[in-house]
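Trainee: Sharing entry-v9.txt, compact mmCIF, C-alpha atoms:
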```
# COMPACT_ATOMS: atom_id res chain seq x y z
CA MET A 14 0.00 0.00 0.00
CA THR A 15 2.74 2.43 1.00
CA GLU A 16 4.72 1.71 -2.17
CA THR A 17 1.85 2.61 -4.46
CA GLU A 18 1.16 5.68 -2.38
CA GLU A 19 4.77 6.74 -2.78
CA SER A 20 4.77 6.19 -6.52
CA VAL A 21 1.49 8.07 -6.91
CA SER A 22 2.83 10.98 -4.89
CA GLN A 23 6.02 10.96 -6.96
CA VAL A 24 4.04 11.13 -10.17
CA LEU A 25 1.92 13.92 -8.75
CA LEU A 26 5.01 15.78 -7.62
CA LYS A 27 6.60 15.51 -11.06
CA PHE A 28 3.37 16.70 -12.63
CA LEU A 29 3.16 19.70 -10.33
CA ILE A 30 6.78 20.60 -10.96
CA ARG A 31 6.13 20.42 -14.69
CA ILE A 32 3.17 22.76 -14.42
CA ALA A 33 5.13 25.17 -12.25
CA THR A 34 8.09 25.24 -14.58
CA MET A 35 5.85 25.37 -17.64
CA SER A 36 4.49 28.74 -16.58
CA LEU A 37 8.03 29.96 -16.07
CA ARG A 38 9.14 28.40 -19.30
CA LYS A 39 6.51 30.12 -21.40
CA GLN A 40 7.51 33.54 -20.14
CA THR A 41 11.13 33.55 -21.12
CA PRO A 42 11.07 34.04 -24.90
CA SER A 43 8.25 36.60 -24.85
CA ASP A 44 9.84 38.32 -21.85
CA PHE A 45 13.11 38.46 -23.71
CA LEU A 46 11.35 40.03 -26.68
CA LYS A 47 9.93 42.77 -24.49
CA GLN A 48 13.29 43.44 -22.88
CA ILE A 49 15.37 43.87 -25.99
CA ILE A 50 13.23 46.45 -27.74
CA GLY A 51 15.31 49.61 -28.18
CA ARG A 52 18.63 47.80 -27.81
CA PRO A 53 21.26 47.16 -30.46
CA VAL A 54 20.82 43.65 -31.79
CA VAL A 55 22.28 41.28 -34.31
CA VAL A 56 19.78 39.48 -36.51
CA LYS A 57 21.02 36.54 -38.49
CA LEU A 58 18.98 35.15 -41.35
CA ASN A 59 18.79 31.61 -42.66
CA SER A 60 20.85 32.74 -45.64
CA GLY A 61 23.72 33.70 -43.33
CA VAL A 62 23.34 37.44 -43.81
CA ASP A 63 23.86 39.49 -40.68
CA TYR A 64 21.94 42.61 -39.76
CA ARG A 65 23.00 44.89 -36.96
CA GLY A 66 20.80 47.67 -35.77
CA VAL A 67 18.58 49.04 -33.05
CA LEU A 68 15.48 46.98 -32.53
CA ALA A 69 12.39 49.10 -33.11
CA CYS A 70 9.80 46.39 -32.69
CA LEU A 71 9.09 42.74 -33.30
CA ASP A 72 6.28 40.25 -32.96
CA GLY A 73 5.73 36.62 -32.14
CA TYR A 74 6.47 35.53 -35.68
CA MET A 75 9.94 37.09 -35.38
CA ASN A 76 9.05 39.81 -37.88
CA ILE A 77 11.53 42.56 -37.07
CA ALA A 78 11.72 46.29 -37.57
CA LEU A 79 15.22 47.70 -37.23
CA GLU A 80 16.69 51.17 -37.29
CA GLN A 81 20.18 52.18 -38.40
CA THR A 82 20.74 48.83 -39.97
CA GLU A 83 24.01 47.52 -41.33
CA GLU A 84 24.15 44.46 -43.53
CA TYR A 85 27.08 42.06 -43.24
CA VAL A 86 27.91 39.25 -45.60
CA ASN A 87 31.42 38.14 -44.65
CA GLY A 88 32.38 41.81 -44.87
CA GLN A 89 30.26 44.90 -44.79
CA LEU A 90 28.04 45.29 -47.83
CA LYS A 91 25.31 47.79 -47.38
CA ASN A 92 24.35 50.54 -44.98
CA LYS A 93 20.73 51.24 -44.39
CA TYR A 94 19.62 54.21 -42.47
CA GLY A 95 16.07 54.48 -41.30
CA ASP A 96 13.77 51.55 -40.97
CA ALA A 97 14.36 48.01 -42.17
CA PHE A 98 11.70 45.36 -42.03
CA ILE A 99 12.64 41.69 -41.90
CA ARG A 100 10.08 38.94 -42.39
CA GLY A 101 10.17 36.50 -39.54
CA ASN A 102 10.37 33.26 -41.48
CA ASN A 103 13.88 34.16 -42.61
CA VAL A 104 15.22 34.80 -39.13
CA LEU A 105 17.68 32.33 -37.68
CA TYR A 106 18.33 34.17 -34.44
CA ILE A 107 18.13 37.50 -32.68
CA SER A 108 20.99 38.36 -30.37
CA THR A 109 21.74 41.29 -28.14
CA GLN A 110 25.23 42.64 -28.23
CA LYS A 111 27.00 44.30 -25.37
CA ARG A 112 30.26 44.36 -27.26
CA ARG A 113 30.24 45.91 -30.69
CA MET A 114 32.81 44.39 -33.03
CA MET B 17 7.30 -4.02 -15.82
CA ALA B 18 3.67 -4.82 -15.06
CA ALA B 19 3.17 -1.25 -13.88
CA ASN B 20 4.65 0.11 -17.13
CA ALA B 21 2.11 -1.81 -19.18
CA THR B 22 -0.84 0.10 -17.73
CA THR B 23 0.66 3.49 -16.83
CA ASN B 24 4.07 4.87 -17.85
CA PRO B 25 5.35 6.92 -14.95
CA SER B 26 8.98 6.47 -16.01
CA GLN B 27 8.50 7.74 -19.58
CA LEU B 28 10.56 10.81 -20.39
CA LEU B 29 8.98 13.19 -22.86
CA PRO B 30 11.31 15.17 -25.15
CA LEU B 31 10.23 18.55 -23.81
CA GLU B 32 10.79 17.25 -20.31
CA LEU B 33 14.35 16.47 -21.22
CA VAL B 34 14.84 19.99 -22.53
CA ASP B 35 13.17 21.33 -19.41
CA LYS B 36 15.71 19.53 -17.27
CA CYS B 37 18.46 21.16 -19.23
CA ILE B 38 17.38 24.69 -18.33
CA GLY B 39 20.20 26.45 -16.53
CA SER B 40 22.89 24.18 -17.84
CA ARG B 41 24.96 23.89 -20.94
CA ILE B 42 23.42 22.74 -24.19
CA HIS B 43 24.71 22.11 -27.67
CA ILE B 44 22.34 22.71 -30.57
CA VAL B 45 22.87 21.39 -34.07
CA MET B 46 20.97 23.21 -36.81
CA LYS B 47 19.89 22.25 -40.29
CA SER B 48 22.47 24.31 -42.15
CA ASP B 49 25.57 22.57 -40.66
CA LYS B 50 25.79 25.16 -37.93
CA GLU B 51 26.10 24.53 -34.22
CA ILE B 52 25.58 26.64 -31.17
CA VAL B 53 26.85 26.00 -27.67
CA GLY B 54 25.63 27.90 -24.66
CA THR B 55 23.58 27.94 -21.51
CA LEU B 56 19.87 27.35 -21.87
CA LEU B 57 17.73 30.00 -20.24
CA GLY B 58 14.32 28.93 -21.47
CA PHE B 59 12.15 27.91 -24.38
CA ASP B 60 8.55 28.03 -25.55
CA ASP B 61 5.99 25.73 -27.13
CA PHE B 62 7.46 26.11 -30.61
CA VAL B 63 10.87 25.24 -29.21
CA ASN B 64 12.25 28.68 -29.90
CA PHE B 65 15.21 28.87 -27.62
CA LEU B 66 16.27 31.59 -25.27
CA LYS B 67 19.89 31.16 -24.46
CA ILE B 68 22.24 33.19 -22.39
CA PHE B 69 25.99 33.54 -22.58
CA LEU B 70 26.28 32.02 -25.98
CA PHE B 71 29.81 30.73 -26.31
CA SER B 72 30.21 30.19 -29.99
CA GLU B 73 28.48 29.67 -33.26
CA ILE B 74 30.43 27.26 -35.41
CA THR B 75 30.13 27.40 -39.16
CA PRO B 76 31.18 24.53 -41.44
CA GLU B 77 34.42 26.13 -42.71
CA GLY B 78 35.75 26.16 -39.19
CA ARG B 79 34.94 29.84 -38.66
CA ARG B 80 33.88 30.59 -35.15
CA ILE B 81 31.89 33.58 -34.22
CA THR B 82 31.90 34.12 -30.51
CA LYS B 83 29.03 36.07 -29.11
CA LEU B 84 28.19 36.88 -25.57
CA ASP B 85 24.87 37.84 -24.02
CA GLN B 86 21.43 36.57 -24.81
CA ILE B 87 20.17 35.06 -28.00
CA LEU B 88 16.71 34.03 -29.15
CA LEU B 89 17.08 31.12 -31.52
CA ASN B 90 14.39 30.28 -34.02
CA GLY B 91 13.18 26.74 -33.51
CA ASN B 92 12.49 26.12 -37.21
CA ASN B 93 16.09 25.33 -37.99
CA ILE B 94 16.96 23.13 -35.05
CA THR B 95 17.89 19.57 -35.89
CA MET B 96 19.28 18.19 -32.67
CA LEU B 97 19.81 19.15 -29.06
CA VAL B 98 22.57 17.75 -26.90
CA PRO B 99 22.17 18.54 -23.20
CA GLY B 100 25.52 19.13 -21.59
CA GLY B 101 27.25 19.08 -24.94
CA GLU B 102 30.75 20.46 -25.33
CA GLY B 103 30.64 21.11 -29.07
CA PRO B 104 32.84 19.62 -31.75
CA GLU B 105 36.07 20.54 -30.01
CA VAL B 106 36.69 20.10 -26.29
```
Mind converting the file's structure to structure tokens?

Mentor:
Amino acid sequence: MTETEESVSQVLLKFLIRIATMSLRKQTPSDFLKQIIGRPVVVKLNSGVDYRGVLACLDGYMNIALEQTEEYVNGQLKNKYGDAFIRGNNVLYISTQKRRM
Amino acid sequence: MAANATTNPSQLLPLELVDKCIGSRIHIVMKSDKEIVGTLLGFDDFVNFLKIFLFSEITPEGRRITKLDQILLNGNNITMLVPGGEGPEV
């Protein structure tokens, strides 16, 4: 009797921990997105092209609006001033940068 | 074994495994022969990853781009996750 009670309580405990961490887990990417608005970021696309600029806004699909954007492909190719819009399906990652290279 | 036939309390779901890895090092292999090593901060339902203190992004020609600080990785391109992974070179 005690063994089954222990196993049931273990399963319940695991379940509760999952629920507790799930609520934490769901916050982190959307929290991160709220935090980095207005900061200089590096956006890398699937094609390997790098975009560095100040993040104006973005949404849950990773659509991005950047300001003062610079485009890097191996070296520096283009300079864009003003707004740049990137469609989210192309985005590989968004990274903040404390050190500018 | 008889208990596993009816209920499966010892089954480990994939997202559970990733959940366990939060706060520790993880190595992510992507579709385009790229790899990323860093510390996992969190993730969401679509397995978009939030990582902190990204050590390096390794491209196939052996180029390494070392970035620090946080990165939000798009889950579309992820092929494989290795919890506690060191990367291709130790």

Trainee: Work out how far apart CA of Asp63 in chain A and CA of Glu80 in chain A are and give it in Å to one decimal.

Mentor: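 Value for the CA of Asp63 in chain A-CA of Glu80 in chain A distance: 14.1 Å.
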
Trainee: Taking all atoms listed in the file into account, name the residue in B:Gly58, B:Glu102, B:Leu88, B:Asn93 that is nearest to Thr109 in chain A.

Mentor: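 When distances to Thr109 in chain A are compared using all atoms listed in the file, the smallest one comes from B:Leu88.
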
Trainee: Within 9 Å of chain A, which residues belong to chain B? Use all atoms listed in the file and report them as a PyMOL selection string.

Mentor: chain B and resi 25-26+32+35+48+57-61+64-66+83-93

Trainee: Kindly give the distance, in Å, that separates CA of Gln48 in chain A and CA of Leu71 in chain A, rounded to a single decimal.

Mentor: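 Answer for the CA of Gln48 in chain A to CA of Leu71 in chain A separation: 11.3 Å.
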
Trainee: Looking at A:Glu18, A:Ala78, A:Lys93, A:Tyr64, which one is nearest to Ile50 in chain A, with distances taken over all atoms listed in the file?

Mentor: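 The closest residue to Ile50 in chain A is A:Ala78.
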
Trainee: Could you pull the residues within 12 Å of Ile42 in chain B, counting all atoms listed in the file, minus those fewer than 3 positions along the same chain, as an mmCIF file with C-alpha atoms, in the coordinates of the input?

Mentor:
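So result.cif came out as:
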```
data_model
loop_
_atom_site.group_PDB
_atom_site.id
_atom_site.type_symbol
_atom_site.label_atom_id
_atom_site.label_comp_id
_atom_site.auth_asym_id
_atom_site.auth_seq_id
_atom_site.Cartn_x
_atom_site.Cartn_y
_atom_site.Cartn_z
ATOM 1 C CA LEU B 33 14.350 16.470 -21.220
ATOM 2 C CA VAL B 34 14.840 19.990 -22.530
ATOM 3 C CA ASP B 35 13.170 21.330 -19.410
ATOM 4 C CA LYS B 36 15.710 19.530 -17.270
ATOM 5 C CA CYS B 37 18.460 21.160 -19.230
ATOM 6 C CA ILE B 38 17.380 24.690 -18.330
ATOM 7 C CA GLY B 39 20.200 26.450 -16.530
ATOM 8 C CA VAL B 45 22.870 21.390 -34.070
ATOM 9 C CA GLU B 51 26.100 24.530 -34.220
ATOM 10 C CA ILE B 52 25.580 26.640 -31.170
ATOM 11 C CA VAL B 53 26.850 26.000 -27.670
ATOM 12 C CA GLY B 54 25.630 27.900 -24.660
ATOM 13 C CA THR B 55 23.580 27.940 -21.510
ATOM 14 C CA LEU B 56 19.870 27.350 -21.870
ATOM 15 C CA LEU B 57 17.730 30.000 -20.240
ATOM 16 C CA GLY B 58 14.320 28.930 -21.470
ATOM 17 C CA PHE B 65 15.210 28.870 -27.620
ATOM 18 C CA LEU B 66 16.270 31.590 -25.270
ATOM 19 C CA LYS B 67 19.890 31.160 -24.460
ATOM 20 C CA ILE B 68 22.240 33.190 -22.390
ATOM 21 C CA PHE B 69 25.990 33.540 -22.580
ATOM 22 C CA LEU B 70 26.280 32.020 -25.980
ATOM 23 C CA PHE B 71 29.810 30.730 -26.310
ATOM 24 C CA SER B 72 30.210 30.190 -29.990
ATOM 25 C CA MET B 96 19.280 18.190 -32.670
ATOM 26 C CA LEU B 97 19.810 19.150 -29.060
ATOM 27 C CA VAL B 98 22.570 17.750 -26.900
ATOM 28 C CA PRO B 99 22.170 18.540 -23.200
ATOM 29 C CA GLY B 100 25.520 19.130 -21.590
ATOM 30 C CA GLY B 101 27.250 19.080 -24.940
ATOM 31 C CA GLU B 102 30.750 20.460 -25.330
ATOM 32 C CA GLY B 103 30.640 21.110 -29.070
#
```

Trainee: I'd like to know which of A:Val86, A:Gly66, A:Ile77, A:Lys47 is closest to Ile99 in chain A, using all atoms listed in the file.

Mentor: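 Among the listed residues, A:Ile77 lies closest to Ile99 in chain A.
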
Trainee: Can you measure CA of Tyr85 in chain A to CA of Arg65 in chain A for me? One decimal in Å is fine.

Mentor: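 It comes out at 8.0 Å.
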
Trainee: Given the choices A:Gly73, A:Ser22, A:Val62, A:Leu68, which gets closest to Asp96 in chain A if the distance is worked out from all atoms listed in the file?

Mentor: A:Leu68
